[in-house]
$ cat work28.cif   # mmCIF, C-alpha atoms
data_run
loop_
_atom_site.group_PDB
_atom_site.id
_atom_site.type_symbol
_atom_site.label_atom_id
_atom_site.label_comp_id
_atom_site.auth_asym_id
_atom_site.auth_seq_id
_atom_site.Cartn_x
_atom_site.Cartn_y
_atom_site.Cartn_z
ATOM 1 C CA GLY A 1 128.283 42.765 -98.303
ATOM 2 C CA PRO A 2 128.229 46.562 -97.761
ATOM 3 C CA GLY A 3 126.001 47.611 -94.877
ATOM 4 C CA GLY A 4 126.365 44.210 -93.211
ATOM 5 C CA LEU A 5 126.472 43.949 -89.424
ATOM 6 C CA VAL A 6 128.049 41.129 -87.411
ATOM 7 C CA VAL A 7 127.226 40.883 -83.693
ATOM 8 C CA CYS A 8 129.190 38.301 -81.735
ATOM 9 C CA SER A 9 130.468 37.479 -78.262
ATOM 10 C CA TYR A 10 134.146 37.722 -77.316
ATOM 11 C CA GLY A 11 134.202 33.927 -77.037
ATOM 12 C CA TRP A 12 132.920 33.527 -80.581
ATOM 13 C CA ALA A 13 135.330 36.188 -81.863
ATOM 14 C CA LEU A 14 138.214 34.195 -80.343
ATOM 15 C CA ARG A 15 137.146 31.023 -82.150
ATOM 16 C CA ALA A 16 136.456 32.825 -85.451
ATOM 17 C CA ALA A 17 139.492 35.153 -85.273
ATOM 18 C CA PRO A 18 141.183 33.942 -88.494
ATOM 19 C CA ALA A 19 138.000 34.517 -90.529
ATOM 20 C CA LEU A 20 137.316 37.921 -88.895
ATOM 21 C CA ALA A 21 140.903 39.031 -89.527
ATOM 22 C CA GLN A 22 140.531 38.424 -93.288
ATOM 23 C CA VAL A 23 137.747 41.006 -93.593
ATOM 24 C CA LYS A 24 138.524 44.742 -93.865
ATOM 25 C CA TRP A 25 135.889 46.092 -91.506
ATOM 26 C CA SER A 26 134.580 49.638 -91.615
ATOM 27 C CA THR A 27 133.909 49.831 -87.867
ATOM 28 C CA LEU A 28 134.783 47.661 -84.866
ATOM 29 C CA ILE A 29 132.801 48.360 -81.667
ATOM 30 C CA LEU A 30 133.895 46.642 -78.453
ATOM 31 C CA VAL A 31 131.107 46.678 -75.850
ATOM 32 C CA GLU A 32 132.155 45.893 -72.239
ATOM 33 C CA ALA A 33 135.707 46.339 -73.557
ATOM 34 C CA GLN A 34 137.259 45.341 -70.211
ATOM 35 C CA ALA A 35 136.995 41.811 -71.688
ATOM 36 C CA ILE A 36 140.338 42.510 -73.423
ATOM 37 C CA LYS A 37 142.035 44.203 -70.448
ATOM 38 C CA ASN A 38 144.620 41.408 -70.146
ATOM 39 C CA SER A 39 147.015 41.886 -73.079
ATOM 40 C CA ARG A 40 148.382 38.342 -72.602
ATOM 41 C CA SER A 41 144.973 36.667 -72.942
ATOM 42 C CA LYS A 42 144.030 34.790 -76.120
ATOM 43 C CA THR A 43 140.883 36.908 -76.456
ATOM 44 C CA SER A 44 142.824 40.172 -76.400
ATOM 45 C CA ALA A 45 145.349 38.848 -78.932
ATOM 46 C CA ALA A 46 142.538 37.645 -81.220
ATOM 47 C CA ILE A 47 140.672 40.961 -81.152
ATOM 48 C CA ALA A 48 143.948 42.772 -81.914
ATOM 49 C CA THR A 49 144.181 40.914 -85.260
ATOM 50 C CA ILE A 50 140.909 42.437 -86.507
ATOM 51 C CA THR A 51 141.481 45.419 -88.812
ATOM 52 C CA ALA A 52 138.961 48.257 -89.104
ATOM 53 C CA ASP A 53 138.926 51.865 -90.317
ATOM 54 C CA TRP A 54 137.295 52.989 -87.091
ATOM 55 C CA LYS A 55 137.509 51.361 -83.652
ATOM 56 C CA VAL A 56 135.490 52.228 -80.555
ATOM 57 C CA ALA A 57 135.713 50.689 -77.065
ATOM 58 C CA LEU A 58 132.859 51.110 -74.561
ATOM 59 C CA THR A 59 133.564 50.332 -70.905
ATOM 60 C CA GLY A 60 132.661 51.511 -67.431
ATOM 61 C CA THR A 61 135.956 50.226 -65.982
ATOM 62 C CA PRO A 62 138.876 50.948 -68.335
ATOM 63 C CA VAL A 63 141.250 50.337 -65.403
ATOM 64 C CA GLU A 64 140.397 47.781 -62.746
ATOM 65 C CA ASN A 65 143.750 46.747 -61.276
ATOM 66 C CA HIS A 66 146.670 48.474 -63.027
ATOM 67 C CA LEU A 67 147.582 50.705 -65.986
ATOM 68 C CA GLY A 68 148.576 47.710 -68.090
ATOM 69 C CA GLU A 69 144.844 47.155 -68.637
ATOM 70 C CA LEU A 70 144.479 50.621 -70.144
ATOM 71 C CA TRP A 71 147.458 49.916 -72.416
ATOM 72 C CA SER A 72 145.825 46.644 -73.502
ATOM 73 C CA LEU A 73 142.664 48.496 -74.597
ATOM 74 C CA PHE A 74 144.616 51.094 -76.560
ATOM 75 C CA ARG A 75 146.829 48.435 -78.140
ATOM 76 C CA VAL A 76 143.673 47.244 -79.915
ATOM 77 C CA ILE A 77 141.780 50.470 -80.627
ATOM 78 C CA ALA A 78 144.660 52.938 -81.261
ATOM 79 C CA PRO A 79 148.042 51.171 -80.971
ATOM 80 C CA GLY A 80 150.151 54.239 -81.756
ATOM 81 C CA VAL A 81 148.759 56.362 -78.932
ATOM 82 C CA LEU A 82 150.542 54.657 -76.033
ATOM 83 C CA GLY A 83 153.304 52.919 -78.012
ATOM 84 C CA GLY A 84 154.806 49.543 -77.090
ATOM 85 C CA TRP A 85 154.433 48.040 -73.634
ATOM 86 C CA GLU A 86 158.040 48.573 -72.500
ATOM 87 C CA GLN A 87 157.930 52.219 -73.586
ATOM 88 C CA PHE A 88 154.575 52.741 -71.847
ATOM 89 C CA ARG A 89 155.734 50.956 -68.685
ATOM 90 C CA ARG A 90 158.875 53.070 -68.481
ATOM 91 C CA ARG A 91 157.232 56.417 -69.340
ATOM 92 C CA PHE A 92 153.931 56.096 -67.503
ATOM 93 C CA ALA A 93 153.024 52.888 -65.629
ATOM 94 C CA ALA A 94 156.112 52.572 -63.400
ATOM 95 C CA PRO A 95 156.434 56.251 -62.348
ATOM 96 C CA ILE A 96 152.670 56.616 -61.751
ATOM 97 C CA GLU A 97 152.072 53.319 -59.924
ATOM 98 C CA LYS A 98 155.350 52.972 -58.036
ATOM 99 C CA ASP A 99 156.380 56.591 -57.446
ATOM 100 C CA ASN A 100 152.961 58.291 -57.511
ATOM 101 C CA ASP A 101 154.441 60.758 -60.034
ATOM 102 C CA GLU A 102 151.840 63.509 -60.533
ATOM 103 C CA GLU A 103 153.614 65.024 -63.543
ATOM 104 C CA ARG A 104 153.538 61.671 -65.385
ATOM 105 C CA ARG A 105 149.887 61.144 -64.418
ATOM 106 C CA LEU A 106 148.931 64.509 -65.904
ATOM 107 C CA ALA A 107 151.019 63.767 -69.007
ATOM 108 C CA LEU A 108 149.126 60.482 -69.486
ATOM 109 C CA ARG A 109 145.813 62.268 -69.001
ATOM 110 C CA ASP A 110 146.729 64.822 -71.687
ATOM 111 C CA ARG A 111 147.839 62.043 -74.043
ATOM 112 C CA LEU A 112 144.499 60.226 -73.655
ATOM 113 C CA LYS A 113 142.175 63.243 -73.656
ATOM 114 C CA PRO A 114 141.640 63.512 -77.454
ATOM 115 C CA PHE A 115 140.721 59.806 -77.613
ATOM 116 C CA LEU A 116 138.198 59.686 -74.757
ATOM 117 C CA LEU A 117 134.525 60.575 -74.785
ATOM 118 C CA ARG A 118 133.499 60.379 -71.147
ATOM 119 C CA ARG A 119 129.935 60.732 -69.934
ATOM 120 C CA THR A 120 129.100 60.412 -66.271
ATOM 121 C CA LYS A 121 125.754 59.070 -65.174
ATOM 122 C CA LYS A 122 124.929 62.457 -63.696
ATOM 123 C CA GLN A 123 125.239 64.073 -67.145
ATOM 124 C CA VAL A 124 123.046 61.645 -69.065
ATOM 125 C CA LEU A 125 120.469 60.339 -66.588
ATOM 126 C CA LYS A 126 118.768 63.419 -65.192
ATOM 127 C CA ASP A 127 115.890 61.381 -63.705
ATOM 128 C CA LEU A 128 118.085 58.956 -61.774
ATOM 129 C CA PRO A 129 118.037 59.693 -58.022
ATOM 130 C CA PRO A 130 121.441 60.081 -56.363
ATOM 131 C CA ARG A 131 123.019 57.012 -54.816
ATOM 132 C CA THR A 132 123.071 56.986 -51.018
ATOM 133 C CA GLU A 133 125.832 54.991 -49.329
ATOM 134 C CA MET A 134 125.908 53.754 -45.728
ATOM 135 C CA ASN A 135 128.446 51.744 -43.763
ATOM 136 C CA LEU A 136 126.905 49.314 -41.269
ATOM 137 C CA ASN A 137 129.387 48.553 -38.501
ATOM 138 C CA VAL A 138 129.006 45.095 -36.970
ATOM 139 C CA GLU A 139 130.441 44.178 -33.561
ATOM 140 C CA LEU A 140 131.787 40.626 -33.384
ATOM 141 C CA GLN A 141 130.383 38.360 -30.657
ATOM 142 C CA PRO A 142 132.918 37.625 -27.865
ATOM 143 C CA ASP A 143 133.773 34.116 -29.132
ATOM 144 C CA GLU A 144 134.170 35.423 -32.706
ATOM 145 C CA ARG A 145 136.366 38.261 -31.466
ATOM 146 C CA GLU A 146 138.545 35.846 -29.488
ATOM 147 C CA LEU A 147 139.051 33.637 -32.545
ATOM 148 C CA TYR A 148 139.737 36.655 -34.764
ATOM 149 C CA ASP A 149 142.343 38.020 -32.336
ATOM 150 C CA GLN A 150 144.101 34.645 -32.169
ATOM 151 C CA VAL A 151 144.428 34.540 -35.962
ATOM 152 C CA ARG A 152 145.387 38.232 -36.086
ATOM 153 C CA MET A 153 148.245 37.707 -33.598
ATOM 154 C CA SER A 154 149.395 34.630 -35.495
ATOM 155 C CA ALA A 155 149.358 36.672 -38.725
ATOM 156 C CA LEU A 156 151.434 39.451 -37.132
ATOM 157 C CA ASN A 157 154.034 36.877 -36.053
ATOM 158 C CA GLU A 158 154.134 35.469 -39.565
ATOM 159 C CA VAL A 159 154.666 38.948 -41.056
ATOM 160 C CA GLU A 160 158.046 39.061 -39.329
ATOM 161 C CA LYS A 161 159.083 35.908 -41.236
ATOM 162 C CA ILE A 162 157.585 37.192 -44.508
ATOM 163 C CA VAL A 163 159.842 40.263 -44.370
ATOM 164 C CA ASP A 164 162.852 37.935 -44.732
ATOM 165 C CA MET A 165 161.506 36.258 -47.896
ATOM 166 C CA PRO A 166 163.792 37.098 -50.866
ATOM 167 C CA ASP A 167 161.041 37.431 -53.503
ATOM 168 C CA ALA A 168 158.787 40.524 -53.214
ATOM 169 C CA LYS A 169 156.064 38.734 -55.197
ATOM 170 C CA ASP A 170 156.022 35.884 -52.662
ATOM 171 C CA GLN A 171 155.844 38.444 -49.857
ATOM 172 C CA ARG A 172 152.779 40.117 -51.398
ATOM 173 C CA PHE A 173 151.104 36.748 -51.979
ATOM 174 C CA ARG A 174 151.561 35.683 -48.348
ATOM 175 C CA ILE A 175 150.358 39.043 -46.977
ATOM 176 C CA LEU A 176 147.301 38.867 -49.233
ATOM 177 C CA ALA A 177 146.566 35.322 -48.023
ATOM 178 C CA LEU A 178 146.751 36.431 -44.366
ATOM 179 C CA MET A 179 144.481 39.435 -44.958
ATOM 180 C CA THR A 180 141.984 37.316 -46.889
ATOM 181 C CA ARG A 181 141.842 34.837 -43.997
ATOM 182 C CA LEU A 182 141.071 37.676 -41.561
ATOM 183 C CA ARG A 183 138.396 39.043 -43.907
ATOM 184 C CA GLN A 184 136.775 35.611 -44.088
ATOM 185 C CA LEU A 185 136.831 35.319 -40.307
ATOM 186 C CA ALA A 186 135.100 38.682 -39.987
ATOM 187 C CA CYS A 187 132.399 37.426 -42.387
ATOM 188 C CA SER A 188 131.860 34.118 -40.612
ATOM 189 C CA PRO A 189 134.218 31.807 -38.687
ATOM 190 C CA LYS A 190 132.607 28.920 -40.597
ATOM 191 C CA LEU A 191 134.535 30.004 -43.717
ATOM 192 C CA ILE A 192 137.707 28.963 -41.863
ATOM 193 C CA HIS A 193 136.419 26.412 -39.312
ATOM 194 C CA GLU A 194 133.905 23.884 -40.637
ATOM 195 C CA ASN A 195 132.841 22.842 -37.137
ATOM 196 C CA TRP A 196 131.624 26.379 -36.296
ATOM 197 C CA ASN A 197 127.833 26.079 -36.007
ATOM 198 C CA LYS A 198 126.661 29.490 -34.816
ATOM 199 C CA ARG A 199 125.322 32.216 -37.096
ATOM 200 C CA SER A 200 127.945 34.941 -37.371
ATOM 201 C CA SER A 201 127.346 38.543 -36.278
ATOM 202 C CA LYS A 202 127.519 39.728 -39.872
ATOM 203 C CA LEU A 203 124.956 37.182 -41.055
ATOM 204 C CA GLN A 204 122.655 38.137 -38.184
ATOM 205 C CA GLN A 205 122.952 41.806 -39.170
ATOM 206 C CA LEU A 206 122.176 40.882 -42.787
ATOM 207 C CA LEU A 207 119.058 38.982 -41.697
ATOM 208 C CA GLU A 208 117.783 41.921 -39.635
ATOM 209 C CA THR A 209 118.455 44.333 -42.513
ATOM 210 C CA LEU A 210 116.772 42.117 -45.123
ATOM 211 C CA THR A 211 113.754 41.481 -42.892
ATOM 212 C CA GLU A 212 113.287 45.219 -42.406
ATOM 213 C CA LEU A 213 113.720 45.971 -46.129
ATOM 214 C CA ARG A 214 111.293 43.209 -47.115
ATOM 215 C CA GLU A 215 108.624 44.570 -44.784
ATOM 216 C CA GLU A 216 109.022 47.972 -46.457
ATOM 217 C CA GLY A 217 108.635 46.423 -49.929
ATOM 218 C CA HIS A 218 112.256 46.854 -51.044
ATOM 219 C CA ARG A 219 114.243 44.418 -53.159
ATOM 220 C CA VAL A 220 117.958 43.819 -52.666
ATOM 221 C CA LEU A 221 121.130 42.746 -54.480
ATOM 222 C CA VAL A 222 123.670 41.083 -52.162
ATOM 223 C CA PHE A 223 127.290 40.775 -53.354
ATOM 224 C CA SER A 224 130.223 38.857 -51.891
ATOM 225 C CA GLN A 225 133.644 37.931 -53.250
ATOM 226 C CA PHE A 226 133.423 34.568 -51.444
ATOM 227 C CA VAL A 227 131.152 31.948 -53.052
ATOM 228 C CA GLN A 228 131.352 29.876 -49.848
ATOM 229 C CA TYR A 229 129.941 32.867 -47.951
ATOM 230 C CA LEU A 230 127.065 33.180 -50.434
ATOM 231 C CA THR A 231 126.316 29.502 -49.695
ATOM 232 C CA LEU A 232 125.993 30.321 -45.973
ATOM 233 C CA ILE A 233 123.695 33.236 -46.840
ATOM 234 C CA ARG A 234 121.566 30.954 -49.040
ATOM 235 C CA GLU A 235 121.177 28.481 -46.180
ATOM 236 C CA MET A 236 120.088 31.300 -43.858
ATOM 237 C CA LEU A 237 117.562 32.683 -46.363
ATOM 238 C CA GLU A 238 116.053 29.215 -46.814
ATOM 239 C CA GLU A 239 115.812 28.757 -43.031
ATOM 240 C CA GLU A 240 114.115 32.138 -42.679
ATOM 241 C CA GLN A 241 111.928 31.620 -45.795
ATOM 242 C CA ILE A 242 113.182 34.713 -47.607
ATOM 243 C CA SER A 243 112.833 34.316 -51.394
ATOM 244 C CA TYR A 244 115.971 34.729 -53.505
ATOM 245 C CA GLU A 245 117.737 34.187 -56.834
ATOM 246 C CA TYR A 246 121.388 33.139 -57.051
ATOM 247 C CA LEU A 247 124.280 33.632 -59.491
ATOM 248 C CA ASP A 248 128.004 32.888 -59.357
ATOM 249 C CA GLY A 249 130.829 32.114 -61.807
ATOM 250 C CA SER A 250 129.625 28.529 -62.335
ATOM 251 C CA THR A 251 126.160 29.642 -63.507
ATOM 252 C CA THR A 252 125.711 28.960 -67.237
ATOM 253 C CA ALA A 253 124.889 31.853 -69.578
ATOM 254 C CA LYS A 254 121.385 30.488 -70.185
ATOM 255 C CA ALA A 255 120.631 29.986 -66.479
ATOM 256 C CA ARG A 256 122.138 33.402 -65.725
ATOM 257 C CA GLN A 257 119.687 35.129 -68.066
ATOM 258 C CA GLN A 258 116.764 33.069 -66.729
ATOM 259 C CA ARG A 259 117.553 34.090 -63.145
ATOM 260 C CA VAL A 260 117.945 37.741 -64.113
ATOM 261 C CA ASP A 261 114.582 37.658 -65.922
ATOM 262 C CA SER A 262 112.989 35.832 -62.994
ATOM 263 C CA PHE A 263 114.179 38.485 -60.538
ATOM 264 C CA GLN A 264 113.222 41.400 -62.800
ATOM 265 C CA GLU A 265 109.734 40.044 -63.475
ATOM 266 C CA GLY A 266 109.101 38.256 -60.173
ATOM 267 C CA ASP A 267 108.948 39.166 -56.516
ATOM 268 C CA ALA A 268 112.041 37.522 -54.953
ATOM 269 C CA THR A 269 113.331 39.773 -52.182
ATOM 270 C CA VAL A 270 117.037 39.052 -52.679
ATOM 271 C CA PHE A 271 119.453 38.352 -55.527
ATOM 272 C CA LEU A 272 122.708 36.781 -54.287
ATOM 273 C CA ILE A 273 125.600 37.432 -56.688
ATOM 274 C CA SER A 274 129.332 36.739 -56.585
ATOM 275 C CA LEU A 275 131.177 39.998 -57.204
ATOM 276 C CA LYS A 276 133.359 38.803 -60.077
ATOM 277 C CA ALA A 277 130.516 36.981 -61.874
ATOM 278 C CA GLY A 278 127.948 39.768 -61.569
ATOM 279 C CA GLY A 279 129.985 42.958 -61.633
ATOM 280 C CA THR A 280 129.204 43.646 -65.286
ATOM 281 C CA GLY A 281 126.667 42.839 -67.956
ATOM 282 C CA LEU A 282 123.557 42.689 -65.753
ATOM 283 C CA ASN A 283 120.506 44.956 -65.601
ATOM 284 C CA LEU A 284 118.759 44.465 -62.263
ATOM 285 C CA THR A 285 116.712 47.639 -61.933
ATOM 286 C CA ALA A 286 113.987 45.820 -59.949
ATOM 287 C CA ALA A 287 116.302 46.167 -56.927
ATOM 288 C CA ASP A 288 116.571 49.450 -55.068
ATOM 289 C CA TYR A 289 119.094 48.371 -52.410
ATOM 290 C CA VAL A 290 122.580 46.883 -52.864
ATOM 291 C CA ILE A 291 124.523 45.262 -50.016
ATOM 292 C CA HIS A 292 128.244 44.431 -50.231
ATOM 293 C CA MET A 293 128.973 41.802 -47.580
ATOM 294 C CA ASP A 294 132.737 42.258 -47.802
ATOM 295 C CA PRO A 295 134.695 45.159 -49.337
ATOM 296 C CA TRP A 296 136.680 44.505 -52.524
ATOM 297 C CA TRP A 297 140.256 45.726 -52.935
ATOM 298 C CA ASN A 298 139.262 48.131 -55.695
ATOM 299 C CA PRO A 299 136.299 50.469 -54.972
ATOM 300 C CA ALA A 300 135.686 50.902 -58.728
ATOM 301 C CA VAL A 301 134.741 47.208 -58.951
ATOM 302 C CA GLU A 302 132.221 47.686 -56.141
ATOM 303 C CA ASP A 303 130.774 50.709 -57.944
ATOM 304 C CA GLN A 304 130.451 48.708 -61.144
ATOM 305 C CA ALA A 305 128.549 45.989 -59.251
ATOM 306 C CA THR A 306 126.317 48.499 -57.455
ATOM 307 C CA ASP A 307 125.418 50.008 -60.810
ATOM 308 C CA ARG A 308 123.595 46.785 -61.758
ATOM 309 C CA ALA A 309 120.668 48.375 -59.895
ATOM 310 C CA HIS A 310 121.483 52.108 -60.030
ATOM 311 C CA ARG A 311 120.489 52.675 -63.651
ATOM 312 C CA ILE A 312 117.404 53.365 -65.739
#
$ encode --input "work28.cif" --output "structure tokens"
Amino acid sequence: GPGGLVVCSYGWALRAAPALAQVKWSTLILVEAQAIKNSRSKTSAAIATITADWKVALTGTPVENHLGELWSLFRVIAPGVLGGWEQFRRRFAAPIEKDNDEERRLALRDRLKPFLLRRTKKQVLKDLPPRTEMNLNVELQPDERELYDQVRMSALNEVEKIVDMPDAKDQRFRILALMTRLRQLACSPKLIHENWNKRSSKLQQLLETLTELREEGHRVLVFSQFVQYLTLIREMLEEEQISYEYLDGSTTAKARQQRVDSFQEGDATVFLISLKAGGTGLNLTAADYVIHMDPWWNPAVEDQATDRAHRI
């Protein structure tokens, strides 16, 4: 009846979409609205069928990979603002993303301005100390370096063949695969070669850093995009008897909350988290240090993950 409130997950909204679409809602509020960033997903299509007099989307990352995600959000909350996809792609997405067209970028900004209420953390959290960022440079051991250079030279030779591939999408996929392989090698050769038994330079640096932080009473979130790498880190922490919690994409919702609560209320030194599984929806203010073991392609995603701890 009037004054009623329905709170549900995106998963539940997908399953109950026909029933939700039959109700004329007064207000629809989408929290963590990046859940509908893919306009082709079933969830996004289901949410788009819900009618409401007033729609609000709350998100820290309205654009993670491309402008199509922004269009997907507006298709649901204010469909007339950016028009149809083809029109938006032609007028804004293509010139901005492909041609770096500043005039089109400013035009899009002006179009969106009346529909955005933006508050930075600096404006609303006066008591939050500023975030300090450091890059720790790690020198590879000679045998790691030799292996890395072999793979790097092999990759450079392959690039010459990739240039001749007819499909640009295939070219990008192959280049990405080569770069990912080199990134994994820099993390630990064991990610590529199962018979590698030494602790990598990066893992050794992590151990020294964590040991120092633990002695000073700090608590740490550790992120990686590679679940296999997190497994190597877990093994090292167990060997060195450093207490930790763990979370990746396979962790159930119930176990996820239990581990978050355990870290927040307990005294584990480290929380290991896969970047994609723990980049949003977590409050881990018990930690005061965040370590990214490998850089993500989009710095905004790293910021979103770091902000699991940098909040009040």
$ resolve_selection --input "work28.cif" --expression "the PyMOL selection byres ((chain A and resi 289) around 10)" --output "ChimeraX atom specification"
/A:131-133,210,213,218-222,270,285-288,290-291,306,309-310
$ write_last_selection --input "work28.cif" --atoms "C-alpha atoms" --output "compact mmCIF listing (two decimals), in the frame of the given file"
# COMPACT_ATOMS: atom_id res chain seq x y z
CA ARG A 131 123.02 57.01 -54.82
CA THR A 132 123.07 56.99 -51.02
CA GLU A 133 125.83 54.99 -49.33
CA LEU A 210 116.77 42.12 -45.12
CA LEU A 213 113.72 45.97 -46.13
CA HIS A 218 112.26 46.85 -51.04
CA ARG A 219 114.24 44.42 -53.16
CA VAL A 220 117.96 43.82 -52.67
CA LEU A 221 121.13 42.75 -54.48
CA VAL A 222 123.67 41.08 -52.16
CA VAL A 270 117.04 39.05 -52.68
CA THR A 285 116.71 47.64 -61.93
CA ALA A 286 113.99 45.82 -59.95
CA ALA A 287 116.30 46.17 -56.93
CA ASP A 288 116.57 49.45 -55.07
CA VAL A 290 122.58 46.88 -52.86
CA ILE A 291 124.52 45.26 -50.02
CA THR A 306 126.32 48.50 -57.46
CA ALA A 309 120.67 48.38 -59.90
CA HIS A 310 121.48 52.11 -60.03
$ atom_distance --input "work28.cif" --atom1 "CA of Glu238 in chain A" --atom2 "CA of Glu212 in chain A"
16.8 Å
$ residues_around --input "work28.cif" --residues "Ala277 in chain A" --least-positions-apart "2" --cutoff "9 Å" --atoms "only C-alpha atoms" --output "PyMOL selection string"
chain A and resi 247-251+273-275+279-280
$ atom_distance --input "work28.cif" --atom1 "CA of Leu28 in chain A" --atom2 "CA of Gly11 in chain A"
15.8 Å
$ resolve_selection --input "work28.cif" --expression "the PyMOL selection byres ((chain A and resi 224) around 6)" --output "ChimeraX atom specification"
/A:223,225-226,274-275,293-294
$ atom_distance --input "work28.cif" --atom1 "CA of Pro166 in chain A" --atom2 "CA of Met153 in chain A"
23.2 Å
$ closest_atom_pairs --input "work28.cif" --of "range 46-161 of chain A" --to "range 32-35 of chain A" --cutoff "12 Å" --atoms "only C-alpha atoms" --output "JSON lines"
{"residue": "A:Ala46", "atom": "CA", "partner": "A:Ala35", "partner_atom": "CA", "distance": 11.8}
{"residue": "A:Ile47", "atom": "CA", "partner": "A:Ala35", "partner_atom": "CA", "distance": 10.2}
{"residue": "A:Lys55", "atom": "CA", "partner": "A:Ala33", "partner_atom": "CA", "distance": 11.4}
{"residue": "A:Val56", "atom": "CA", "partner": "A:Ala33", "partner_atom": "CA", "distance": 9.1}
{"residue": "A:Ala57", "atom": "CA", "partner": "A:Ala33", "partner_atom": "CA", "distance": 5.6}
{"residue": "A:Leu58", "atom": "CA", "partner": "A:Ala33", "partner_atom": "CA", "distance": 5.6}
{"residue": "A:Thr59", "atom": "CA", "partner": "A:Glu32", "partner_atom": "CA", "distance": 4.8}
{"residue": "A:Gly60", "atom": "CA", "partner": "A:Glu32", "partner_atom": "CA", "distance": 7.4}
{"residue": "A:Thr61", "atom": "CA", "partner": "A:Gln34", "partner_atom": "CA", "distance": 6.6}
{"residue": "A:Pro62", "atom": "CA", "partner": "A:Gln34", "partner_atom": "CA", "distance": 6.1}
{"residue": "A:Val63", "atom": "CA", "partner": "A:Gln34", "partner_atom": "CA", "distance": 8.0}
{"residue": "A:Glu64", "atom": "CA", "partner": "A:Gln34", "partner_atom": "CA", "distance": 8.5}
{"residue": "A:Asn65", "atom": "CA", "partner": "A:Gln34", "partner_atom": "CA", "distance": 11.1}
{"residue": "A:Gly68", "atom": "CA", "partner": "A:Gln34", "partner_atom": "CA", "distance": 11.8}
{"residue": "A:Glu69", "atom": "CA", "partner": "A:Gln34", "partner_atom": "CA", "distance": 8.0}
{"residue": "A:Leu70", "atom": "CA", "partner": "A:Gln34", "partner_atom": "CA", "distance": 8.9}
{"residue": "A:Trp71", "atom": "CA", "partner": "A:Gln34", "partner_atom": "CA", "distance": 11.4}
{"residue": "A:Ser72", "atom": "CA", "partner": "A:Gln34", "partner_atom": "CA", "distance": 9.3}
{"residue": "A:Leu73", "atom": "CA", "partner": "A:Ala33", "partner_atom": "CA", "distance": 7.4}
{"residue": "A:Phe74", "atom": "CA", "partner": "A:Ala33", "partner_atom": "CA", "distance": 10.5}
{"residue": "A:Val76", "atom": "CA", "partner": "A:Ala33", "partner_atom": "CA", "distance": 10.2}
{"residue": "A:Ile77", "atom": "CA", "partner": "A:Ala33", "partner_atom": "CA", "distance": 10.2}
$ closest_residue --input "work28.cif" --among "A:Glu194, A:Glu102, A:Asp143, A:Glu245" --to "Ala268 in chain A" --atoms "only C-alpha atoms"
A:Glu245
$ resolve_selection --input "work28.cif" --expression "the PyMOL selection byres ((chain A and resi 53) around 8)" --output "ChimeraX atom specification"
/A:24-27,51-52,54-55
$ closest_residue --input "work28.cif" --among "A:Tyr246, A:Leu237, A:Leu30, A:Arg183" --to "Trp296 in chain A" --atoms "only C-alpha atoms"
A:Arg183
